[in-house]
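> Quick one, final39.tsv (TSV, C-alpha atoms):
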chain	number	residue	atom	x	y	z
A	103	MET	CA	83.35	86.62	75.19
A	104	SER	CA	80.69	84.21	76.44
A	105	LEU	CA	81.25	83.20	80.05
A	106	SER	CA	79.30	80.89	82.30
A	107	SER	CA	81.67	80.74	85.28
A	108	VAL	CA	84.15	83.12	86.90
A	109	VAL	CA	86.38	82.02	89.77
A	110	ILE	CA	88.03	84.69	91.92
A	111	VAL	CA	90.96	83.75	94.16
A	112	GLY	CA	91.23	86.24	97.00
A	113	ALA	CA	88.33	87.82	98.91
A	114	GLY	CA	89.95	91.12	99.78
A	115	GLN	CA	88.95	94.47	98.31
A	116	ALA	CA	89.95	93.55	94.74
A	117	GLY	CA	88.36	90.11	94.68
A	118	PHE	CA	85.13	91.23	96.32
A	119	GLN	CA	84.82	94.19	93.95
A	120	VAL	CA	85.09	91.95	90.88
A	121	ALA	CA	82.23	89.80	92.10
A	122	ALA	CA	80.06	92.77	93.05
A	123	SER	CA	80.75	94.61	89.79
A	124	LEU	CA	79.99	91.56	87.67
A	125	ARG	CA	76.58	91.19	89.26
A	126	GLN	CA	75.93	94.92	89.08
A	127	GLY	CA	76.79	94.80	85.38
A	128	GLY	CA	74.29	92.02	84.71
A	129	PHE	CA	76.49	88.91	84.65
A	130	THR	CA	74.27	85.88	85.21
A	131	GLY	CA	76.86	83.12	85.28
A	132	HIS	CA	78.31	81.35	88.32
A	133	ILE	CA	80.70	83.32	90.55
A	134	SER	CA	82.95	81.66	93.11
A	135	LEU	CA	84.84	83.91	95.54
A	136	ILE	CA	87.60	82.10	97.45
A	137	GLY	CA	88.96	83.58	100.68
A	138	ASP	CA	91.32	81.87	103.11
A	139	GLU	CA	90.05	83.74	106.21
A	140	PRO	CA	86.89	82.95	108.17
A	141	GLY	CA	83.91	85.26	108.16
A	142	LEU	CA	82.77	87.82	105.63
A	143	PRO	CA	85.16	89.72	103.33
A	144	TYR	CA	86.18	92.93	105.10
A	145	GLN	CA	87.99	96.28	104.90
A	146	ARG	CA	91.63	96.30	105.97
A	147	PRO	CA	92.58	100.01	106.26
A	148	PRO	CA	90.77	100.58	109.59
A	149	LEU	CA	92.65	97.69	111.24
A	150	SER	CA	95.69	99.82	112.13
A	151	LYS	CA	93.74	102.79	113.45
A	152	ALA	CA	89.94	103.08	113.96
A	153	TYR	CA	89.44	99.41	114.75
A	154	LEU	CA	92.20	99.39	117.37
A	155	LEU	CA	90.66	102.47	118.98
A	156	GLY	CA	87.25	100.81	119.11
A	157	LYS	CA	85.73	103.36	116.73
A	158	ILE	CA	84.53	100.68	114.33
A	159	SER	CA	83.26	97.20	115.14
A	160	ALA	CA	84.21	93.96	113.43
A	161	ALA	CA	80.70	93.73	111.99
A	162	ASN	CA	81.07	97.15	110.41
A	163	LEU	CA	84.31	96.12	108.71
A	164	ALA	CA	82.43	93.79	106.38
A	165	PHE	CA	81.97	94.99	102.80
A	166	ARG	CA	78.44	93.60	102.77
A	167	PRO	CA	76.26	91.53	105.14
A	168	GLU	CA	75.96	87.78	104.63
A	169	ALA	CA	72.59	88.19	102.92
A	170	PHE	CA	74.26	90.07	100.07
A	171	PHE	CA	76.18	86.99	98.94
A	172	ASP	CA	73.02	84.88	98.99
A	173	GLN	CA	70.95	87.49	97.17
A	174	GLN	CA	73.62	88.07	94.53
A	175	GLN	CA	74.30	84.34	94.18
A	176	ILE	CA	78.00	84.72	94.89
A	177	GLU	CA	79.45	81.47	96.19
A	178	LEU	CA	81.73	82.45	99.08
A	179	LEU	CA	84.22	79.69	99.87
A	180	HIS	CA	86.41	79.74	102.98
A	181	ASP	CA	89.27	77.76	101.50
A	182	SER	CA	92.69	78.15	99.89
A	183	ALA	CA	93.48	77.74	96.21
A	184	THR	CA	96.49	75.48	95.81
A	185	THR	CA	96.77	74.65	92.11
A	186	ILE	CA	95.68	76.04	88.75
A	187	ASP	CA	95.11	73.49	85.99
A	188	ARG	CA	95.37	75.86	83.04
A	189	GLN	CA	94.84	73.20	80.38
A	190	ASN	CA	91.49	72.09	81.79
A	191	ARG	CA	90.67	75.44	83.43
A	192	HIS	CA	90.24	74.17	86.96
A	193	VAL	CA	91.33	75.55	90.32
A	194	VAL	CA	92.05	72.97	93.00
A	195	LEU	CA	91.41	73.97	96.63
A	196	ALA	CA	93.09	72.82	99.83
A	197	SER	CA	89.89	70.99	100.74
A	198	GLY	CA	90.23	68.91	97.59
A	199	LYS	CA	87.38	70.62	95.80
A	200	SER	CA	87.94	71.50	92.14
A	201	LEU	CA	86.30	74.52	90.49
A	202	GLN	CA	85.87	74.89	86.74
A	203	TYR	CA	86.30	78.37	85.28
A	204	ASP	CA	85.81	80.15	81.99
A	205	HIS	CA	87.80	83.01	83.44
A	206	LEU	CA	89.99	83.13	86.54
A	207	VAL	CA	90.81	86.29	88.47
A	208	LEU	CA	93.82	86.23	90.77
A	209	ALA	CA	93.42	88.78	93.57
A	210	THR	CA	95.77	87.04	95.99
A	211	GLY	CA	97.17	90.21	97.55
A	212	ALA	CA	100.38	90.33	99.52
A	213	HIS	CA	101.77	89.30	102.89
A	214	ASN	CA	103.91	91.17	105.41
A	215	ARG	CA	107.65	91.09	104.98
A	216	ALA	CA	108.99	89.29	108.06
A	217	LEU	CA	111.41	90.84	110.55
A	218	SER	CA	113.74	87.81	110.39
A	219	ILE	CA	115.90	88.80	113.35
A	220	PRO	CA	116.78	87.03	116.61
A	221	GLY	CA	113.80	87.14	118.95
A	222	ASP	CA	111.14	87.66	116.29
A	223	ASP	CA	109.22	84.68	117.70
A	224	LEU	CA	108.69	86.30	121.11
A	225	ALA	CA	105.19	87.10	122.32
A	226	GLY	CA	104.24	90.74	121.85
A	227	VAL	CA	105.58	90.98	118.28
A	228	PHE	CA	102.97	91.86	115.65
A	229	GLY	CA	102.49	92.72	112.03
A	230	ILE	CA	99.09	94.17	111.08
A	231	LYS	CA	97.60	92.59	107.99
A	232	THR	CA	94.50	90.64	108.98
A	233	LEU	CA	91.55	90.95	111.33
A	234	ALA	CA	93.10	88.18	113.42
A	235	ASP	CA	96.25	90.31	113.81
A	236	ALA	CA	94.22	93.31	114.92
A	237	ASN	CA	92.12	91.24	117.32
A	238	ALA	CA	95.24	89.89	118.99
A	239	LEU	CA	96.79	93.35	119.18
A	240	ALA	CA	93.81	95.44	120.30
A	241	PRO	CA	93.67	94.32	123.98
A	242	ARG	CA	97.38	95.03	124.46
A	243	VAL	CA	97.29	98.58	123.09
A	244	LYS	CA	95.14	99.87	125.94
A	245	ASP	CA	97.51	98.87	128.74
A	246	VAL	CA	101.01	98.79	127.26
A	247	ARG	CA	103.51	101.42	128.42
A	248	ASN	CA	106.44	100.95	126.03
A	249	VAL	CA	106.00	100.41	122.31
A	250	VAL	CA	108.52	100.09	119.51
A	251	VAL	CA	107.39	100.44	115.91
A	252	VAL	CA	109.70	99.16	113.18
A	253	GLY	CA	109.09	101.02	109.93
A	254	SER	CA	107.79	104.55	109.42
A	255	GLY	CA	105.48	103.89	106.50
A	256	PHE	CA	101.72	104.35	106.58
A	257	ILE	CA	100.96	101.29	108.73
A	258	GLY	CA	103.74	101.94	111.23
A	259	LEU	CA	102.85	105.58	111.74
A	260	GLU	CA	99.12	104.89	111.92
A	261	PHE	CA	99.79	102.49	114.76
A	262	ALA	CA	102.31	104.84	116.40
A	263	ALA	CA	99.61	107.54	116.51
A	264	VAL	CA	97.15	105.08	118.09
A	265	ALA	CA	99.64	103.92	120.73
A	266	ALA	CA	100.66	107.49	121.59
A	267	ALA	CA	96.99	108.46	121.96
A	268	GLN	CA	96.62	105.63	124.48
A	269	GLY	CA	99.45	107.11	126.56
A	270	ALA	CA	102.26	104.74	125.61
A	271	SER	CA	105.88	105.74	125.16
A	272	VAL	CA	106.49	105.13	121.44
A	273	HIS	CA	109.79	104.73	119.59
A	274	VAL	CA	109.85	104.39	115.80
A	275	VAL	CA	112.90	102.76	114.21
A	276	ASP	CA	113.48	103.10	110.46
A	277	LEU	CA	116.36	102.55	108.04
A	278	GLY	CA	115.36	105.66	106.09
A	279	ASP	CA	116.06	109.26	106.96
A	280	ARG	CA	112.50	110.59	107.34
A	281	PRO	CA	108.89	109.43	107.82
A	282	MET	CA	107.17	107.83	104.82
A	283	ALA	CA	110.30	108.53	102.78
A	284	ARG	CA	109.31	106.27	99.88
A	285	ALA	CA	105.79	107.67	99.66
A	286	VAL	CA	105.86	111.44	100.19
A	287	SER	CA	107.96	114.55	99.69
A	288	ALA	CA	110.46	115.82	102.23
A	289	GLU	CA	108.16	118.74	102.99
A	290	MET	CA	105.22	116.49	103.87
A	291	SER	CA	107.52	114.22	105.88
A	292	SER	CA	108.50	117.24	107.96
A	293	LEU	CA	104.90	118.00	108.87
A	294	PHE	CA	104.24	114.43	109.99
A	295	ARG	CA	107.47	114.17	111.93
A	296	GLN	CA	106.69	117.36	113.83
A	297	ALA	CA	103.16	116.19	114.59
A	298	HIS	CA	104.24	112.77	115.84
A	299	GLU	CA	106.98	114.27	117.99
A	300	ALA	CA	104.39	116.62	119.50
A	301	TRP	CA	102.37	113.51	120.41
A	302	GLY	CA	105.43	112.09	122.17
A	303	VAL	CA	106.70	109.73	119.46
A	304	GLN	CA	110.51	109.42	119.28
A	305	PHE	CA	112.15	108.63	115.94
A	306	HIS	CA	115.35	106.68	115.32
A	307	PHE	CA	116.24	107.12	111.65
A	308	ARG	CA	119.04	105.40	109.75
A	309	GLN	CA	118.68	102.57	112.25
A	310	GLY	CA	117.68	98.95	112.00
A	311	VAL	CA	116.84	96.38	114.66
A	312	LYS	CA	119.65	94.02	115.63
A	313	ARG	CA	117.70	91.75	117.97
A	314	LEU	CA	114.72	91.51	120.27
A	315	ILE	CA	115.29	90.91	123.96
A	316	GLY	CA	112.81	88.85	125.93
A	317	GLU	CA	111.98	87.41	129.30
A	318	ASN	CA	109.86	84.30	129.83
A	319	GLY	CA	109.02	84.28	126.14
A	320	GLN	CA	107.77	87.90	126.09
A	321	VAL	CA	109.51	90.76	124.32
A	322	THR	CA	110.87	93.31	126.78
A	323	ALA	CA	113.28	95.42	124.72
A	324	VAL	CA	114.74	96.09	121.29
A	325	GLU	CA	118.41	96.53	120.45
A	326	THR	CA	119.00	98.82	117.48
A	327	THR	CA	121.92	98.46	115.10
A	328	ASP	CA	123.75	101.32	116.84
A	329	GLY	CA	123.48	99.57	120.21
A	330	GLN	CA	120.57	101.45	121.78
A	331	ILE	CA	118.30	99.41	124.04
A	332	LEU	CA	114.68	100.52	123.77
A	333	PRO	CA	112.15	99.13	126.26
A	334	ALA	CA	109.27	97.38	124.53
A	335	GLU	CA	106.42	95.31	125.90
A	336	LEU	CA	104.97	95.50	122.40
A	337	LEU	CA	106.60	95.66	118.99
A	338	VAL	CA	104.68	96.33	115.77
A	339	TYR	CA	106.42	96.15	112.42
A	340	GLY	CA	105.47	97.39	108.99
A	341	ILE	CA	108.46	96.93	106.67
A	342	GLY	CA	106.72	96.31	103.40
A	343	VAL	CA	104.85	93.44	101.79
A	344	ILE	CA	105.60	90.60	99.38
A	345	PRO	CA	103.08	89.72	96.65
A	346	ASN	CA	101.43	86.30	96.93
A	347	ILE	CA	102.59	84.78	93.65
A	348	SER	CA	103.20	81.13	94.51
A	349	ILE	CA	100.07	79.72	92.84
A	350	ALA	CA	100.75	81.81	89.71
A	351	THR	CA	104.42	80.82	89.63
A	352	GLU	CA	103.59	77.12	89.89
A	353	ALA	CA	101.05	77.55	87.08
A	354	GLY	CA	103.76	78.96	84.82
A	355	LEU	CA	102.37	82.49	84.55
A	356	GLU	CA	104.82	85.29	83.83
A	357	ILE	CA	106.18	86.90	87.01
A	358	GLU	CA	107.78	90.33	87.38
A	359	ASN	CA	107.59	91.96	90.81
A	360	GLY	CA	104.22	90.23	91.12
A	361	ILE	CA	102.03	88.62	88.50
A	362	LYS	CA	102.81	90.40	85.23
A	363	VAL	CA	99.77	91.62	83.30
A	364	ASP	CA	99.16	93.70	80.19
A	365	ALA	CA	97.27	96.98	79.87
A	366	ASN	CA	93.97	95.08	80.11
A	367	LEU	CA	95.15	93.31	83.28
A	368	LEU	CA	95.43	89.95	81.51
A	369	THR	CA	98.23	87.58	82.48
A	370	SER	CA	100.27	85.56	79.99
A	371	ASP	CA	97.24	83.22	79.94
A	372	PRO	CA	94.26	84.94	78.20
A	373	HIS	CA	91.84	83.12	80.51
A	374	ILE	CA	93.42	84.55	83.67
A	375	SER	CA	93.49	88.12	85.00
A	376	ALA	CA	95.41	89.47	87.99
A	377	ILE	CA	94.52	92.58	89.99
A	378	GLY	CA	95.28	94.48	93.17
A	379	ASP	CA	98.45	94.30	95.25
A	380	VAL	CA	99.71	91.21	93.40
A	381	ALA	CA	99.42	92.61	89.85
A	382	CYS	CA	102.35	94.29	88.08
A	383	PHE	CA	100.88	96.33	85.23
A	384	PRO	CA	102.09	98.89	82.64
A	385	CYS	CA	101.35	102.14	84.49
A	386	ILE	CA	100.80	105.17	82.27
A	387	HIS	CA	101.46	107.36	85.32
A	388	ASN	CA	104.95	105.86	85.68
A	389	HIS	CA	106.24	106.21	82.10
A	390	GLY	CA	104.46	103.00	81.13
A	391	GLU	CA	106.79	100.97	83.35
A	392	HIS	CA	105.40	97.82	84.91
A	393	SER	CA	104.46	98.74	88.47
A	394	ARG	CA	102.69	97.32	91.48
A	395	ILE	CA	100.48	99.72	93.42
A	396	GLU	CA	99.37	98.76	96.91
A	397	SER	CA	96.18	100.71	97.61
A	398	VAL	CA	92.47	100.17	98.03
A	399	PRO	CA	91.51	102.57	95.20
A	400	ASN	CA	93.86	100.78	92.81
A	401	ALA	CA	92.35	97.42	93.77
A	402	MET	CA	88.82	98.68	93.21
A	403	ASP	CA	89.61	100.42	89.92
A	404	GLN	CA	91.38	97.35	88.54
A	405	ALA	CA	88.48	95.14	89.64
A	406	ARG	CA	86.02	97.34	87.78
A	407	THR	CA	88.24	97.31	84.69
A	408	VAL	CA	88.37	93.50	84.63
A	409	SER	CA	84.64	93.19	85.32
A	410	ALA	CA	83.86	95.55	82.43
A	411	ARG	CA	86.08	93.50	80.11
A	412	LEU	CA	84.36	90.27	81.11
A	413	LEU	CA	81.05	91.97	80.36
A	414	GLY	CA	82.22	92.88	76.87
A	415	LYS	CA	83.39	96.45	77.55
A	416	ALA	CA	87.16	96.11	77.35
A	417	SER	CA	89.42	99.13	77.83
A	418	PRO	CA	93.00	99.58	79.07
A	419	PHE	CA	93.54	100.34	82.75
A	420	VAL	CA	94.37	104.04	83.03
A	421	ALA	CA	93.01	105.12	86.43
A	422	THR	CA	95.03	107.76	88.27
A	423	PRO	CA	96.45	106.22	91.47
A	424	TRP	CA	95.54	107.73	94.80
A	425	PHE	CA	96.20	106.90	98.44
A	426	TRP	CA	95.37	108.04	101.95
A	427	THR	CA	96.44	107.61	105.55
A	428	ASP	CA	94.88	108.84	108.81
A	429	GLN	CA	97.28	109.54	111.67
A	430	GLY	CA	95.88	111.23	114.75
A	431	ASN	CA	94.16	114.42	113.57
A	432	LEU	CA	96.02	114.35	110.24
A	433	LYS	CA	94.49	113.07	107.03
A	434	LEU	CA	96.97	112.75	104.20
A	435	GLN	CA	95.59	112.23	100.69
A	436	ILE	CA	97.85	111.66	97.69
A	437	VAL	CA	97.01	111.56	94.01
A	438	GLY	CA	99.57	110.52	91.40
A	439	LEU	CA	103.03	109.00	91.79
A	440	SER	CA	105.87	111.22	93.01
A	441	THR	CA	108.60	108.72	92.12
A	442	GLY	CA	111.62	110.66	90.86
A	443	TYR	CA	110.16	114.12	91.51
A	444	ASP	CA	112.76	116.89	91.26
A	445	SER	CA	110.92	120.01	92.41
A	446	THR	CA	107.97	120.99	94.58
A	447	VAL	CA	105.59	123.85	95.24
A	448	SER	CA	103.94	124.13	98.65
A	449	LEU	CA	100.54	125.60	99.51
A	450	GLY	CA	99.33	126.39	103.01
A	451	SER	CA	101.67	125.85	105.95
A	452	ILE	CA	103.18	123.07	108.01
A	453	GLU	CA	102.38	125.01	111.18
A	454	SER	CA	98.64	125.07	110.44
A	455	GLN	CA	98.68	121.36	109.51
A	456	GLN	CA	96.72	122.34	106.41
A	457	PHE	CA	99.32	121.79	103.76
A	458	THR	CA	99.59	120.72	100.13
A	459	VAL	CA	102.71	119.79	98.17
A	460	LEU	CA	102.72	119.69	94.37
A	461	CYS	CA	105.46	117.41	93.02
A	462	PHE	CA	106.98	118.00	89.58
A	463	ARG	CA	109.32	115.89	87.48
A	464	LYS	CA	111.09	117.62	84.61
A	465	GLY	CA	108.46	120.35	84.75
A	466	GLN	CA	105.50	117.97	84.69
A	467	LEU	CA	103.08	117.72	87.61
A	468	VAL	CA	103.18	114.09	88.76
A	469	ALA	CA	101.65	114.06	92.26
A	470	ILE	CA	99.73	116.18	94.75
A	471	GLU	CA	99.94	115.52	98.50
A	472	SER	CA	97.32	117.17	100.70
A	473	CYS	CA	97.14	117.15	104.49
A	474	ASN	CA	93.80	118.25	105.94
A	475	ARG	CA	92.94	119.98	102.64
A	476	PRO	CA	90.35	117.67	101.06
A	477	GLY	CA	89.35	120.29	98.51
A	478	ASP	CA	92.89	120.32	97.12
A	479	HIS	CA	92.83	116.53	96.87
A	480	LEU	CA	89.57	116.50	94.92
A	481	ALA	CA	90.87	119.22	92.60
A	482	GLY	CA	94.15	117.36	92.22
A	483	LYS	CA	92.40	114.16	91.12
A	484	LYS	CA	90.67	116.09	88.36
A	485	ILE	CA	93.81	117.95	87.31
A	486	LEU	CA	95.94	114.81	87.03
A	487	SER	CA	93.25	112.88	85.17
A	488	ARG	CA	93.32	115.16	82.12
A	489	PRO	CA	95.13	118.08	80.47
A	490	PRO	CA	95.81	120.99	80.58
A	491	GLU	CA	98.87	120.66	82.76
A	492	LEU	CA	99.50	122.92	85.71
A	493	THR	CA	103.00	124.39	85.66
A	494	ALA	CA	105.26	125.10	88.62
A	495	ALA	CA	105.35	128.78	87.63
A	496	GLU	CA	101.56	129.02	87.81
A	497	ALA	CA	101.44	127.18	91.15
A	498	SER	CA	104.14	129.46	92.60
A	499	ALA	CA	102.16	132.62	91.92
A	500	PRO	CA	101.09	134.62	94.99
A	501	GLU	CA	97.65	133.66	96.30
A	502	PHE	CA	97.49	130.64	93.96
A	503	ASP	CA	94.43	128.49	94.72
A	504	LEU	CA	94.43	124.90	93.43
A	505	LYS	CA	90.66	124.52	93.52
A	506	ALA	CA	90.09	127.80	91.68
A	507	TRP	CA	92.67	126.83	89.02
A	508	GLU	CA	90.97	123.49	88.44
A	509	LEU	CA	87.57	125.12	88.14
A	510	ALA	CA	88.88	127.73	85.69
A	511	HIS	CA	90.48	125.06	83.50
A	512	ARG	CA	87.68	122.53	83.70
A	513	ALA	CA	86.77	121.26	80.24
Please rewrite the model in this file as structure tokens.

Amino acid sequence: MSLSSVVIVGAGQAGFQVAASLRQGGFTGHISLIGDEPGLPYQRPPLSKAYLLGKISAANLAFRPEAFFDQQQIELLHDSATTIDRQNRHVVLASGKSLQYDHLVLATGAHNRALSIPGDDLAGVFGIKTLADANALAPRVKDVRNVVVVGSGFIGLEFAAVAAAQGASVHVVDLGDRPMARAVSAEMSSLFRQAHEAWGVQFHFRQGVKRLIGENGQVTAVETTDGQILPAELLVYGIGVIPNISIATEAGLEIENGIKVDANLLTSDPHISAIGDVACFPCIHNHGEHSRIESVPNAMDQARTVSARLLGKASPFVATPWFWTDQGNLKLQIVGLSTGYDSTVSLGSIESQQFTVLCFRKGQLVAIESCNRPGDHLAGKKILSRPPELTAAEASAPEFDLKAWELAHRA
């Protein structure tokens, strides 16, 4: 494939990585990177934790300094893509500018699912998705006394840990029955619940939020669906995200829980790829079912796969998914997908907060969750990336060591 111009819509982790990988791989054509936020493309994971605690500056969030884009001849446009003209291969921007492409990469990401309840327009109500969100939230965290977090996923619990560390009274409200229920095993949930409760966080499971109560336009309390009134000068919600598919939908691309792509991350138009949080791809780690994976590693791996294809080195996307979250002194690292797991084997102990859970489905190892055991995580990534398969019987043996097993079975 001979290309002279690549246009990338979305300047988050996925979009930036495509541009950087193309240049690293020797691509000499024109690259346009379109981002709808001001400033340099930046990391998002620290926004809900280290950035709020002042442990990382805004400047240090940037993937690369401004000089990088000049040196690598990557045209960084602070604009929004509004229309794709597939017939003529043009992208029209909100500013009116039109960009020609030989190949288009859609890395449009996702946006926060809204609360959509009475009072959600009160001051003091935040989602955390952008640097602007974090900048507006950061000054309040230091002084607030009563915080309610809606949602006990990664983002919600990361913020709950930050608020508790600042001395706030923190209540977490969630429709599920345990922390991070859709992401981790019951055993790992138990460790994190115990840790958060030790930090003073109070959980309200199987509860939703009925309304927000305010005074003079400022949130002051939250009413849960069972009638509890929780004081709240600050409410942070993390109840999932919705993929940004509007430009793809209007262009007539195939949509299925995001922008549907094939194993090579190509959309229904062979001149357009989609990657990152917006892409729904056939995942070999989920029985080949089309899946969307919301993680930085997935975004980077998909970006590298697309870049390699554009450079003439096409191969299907097969990277093993992995995730992480930092909450207080706990670092949880996950490799694989535990969806539908039916048995587990635990290593270490919840009490020590050094704990690993191996998740099996129909006898097959599908995911490894490690808290404060980075060696297990590294071994797990290698184990799940290739045979031979570790069995539950082997893992249940006395004194079993995951790192030693991986080393002994290394090809």
> Can you list, as a ChimeraX atom specification, every protein, DNA or RNA residue that comes within 9 Å of Leu336 (chain A) when you count all atoms listed in the file, leaving out same-chain residues fewer than 4 positions away?
/A:225-228,242-243,246-251,320-323
> With a cut-off of 12 Å, could you pull out the residues of region 300-411 of chain A touching region 150-173 of chain A and give me the nearest pair of atoms for each, distance in Å to one decimal, using only C-alpha atoms, ordered by chain and ascending number, as CSV?

residue,atom,partner,partner_atom,distance
A:Val338,CA,A:Ser150,CA,10.3
A:Tyr339,CA,A:Ser150,CA,11.3
A:Gly340,CA,A:Ser150,CA,10.6
> Kindly export the residues of the current selection with C-alpha atoms, as a PDB file, keeping the file's coordinate frame.

ATOM      1  CA  VAL A 338     104.680  96.330 115.770  1.00  0.00           C
ATOM      2  CA  TYR A 339     106.420  96.150 112.420  1.00  0.00           C
ATOM      3  CA  GLY A 340     105.470  97.390 108.990  1.00  0.00           C
TER       4      GLY A 340
END
> To one decimal place, how far is CA of Arg463 (chain A) from CA of Leu449 (chain A) in Å?
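CA of Leu449 (chain A) lies at a distance of 17.8 Å from CA of Arg463 (chain A).
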> So how far away is CA of Leu233 (chain A) from CA of Thr351 (chain A), in Å?
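We find that CA of Thr351 (chain A) and CA of Leu233 (chain A) lie 27.2 Å from each other.
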> How many Å separate CA of Ser472 (chain A) from CA of Pro148 (chain A)?
19.9 Å
> For each of A:Gly112, A:Pro399, A:Gly211, A:Gly258, take the minimum atom-to-atom distance to Val343 (chain A), counting all atoms listed in the file, then give the residue where this is smallest.
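Of all the options, A:Gly211 lies closest to Val343 (chain A).
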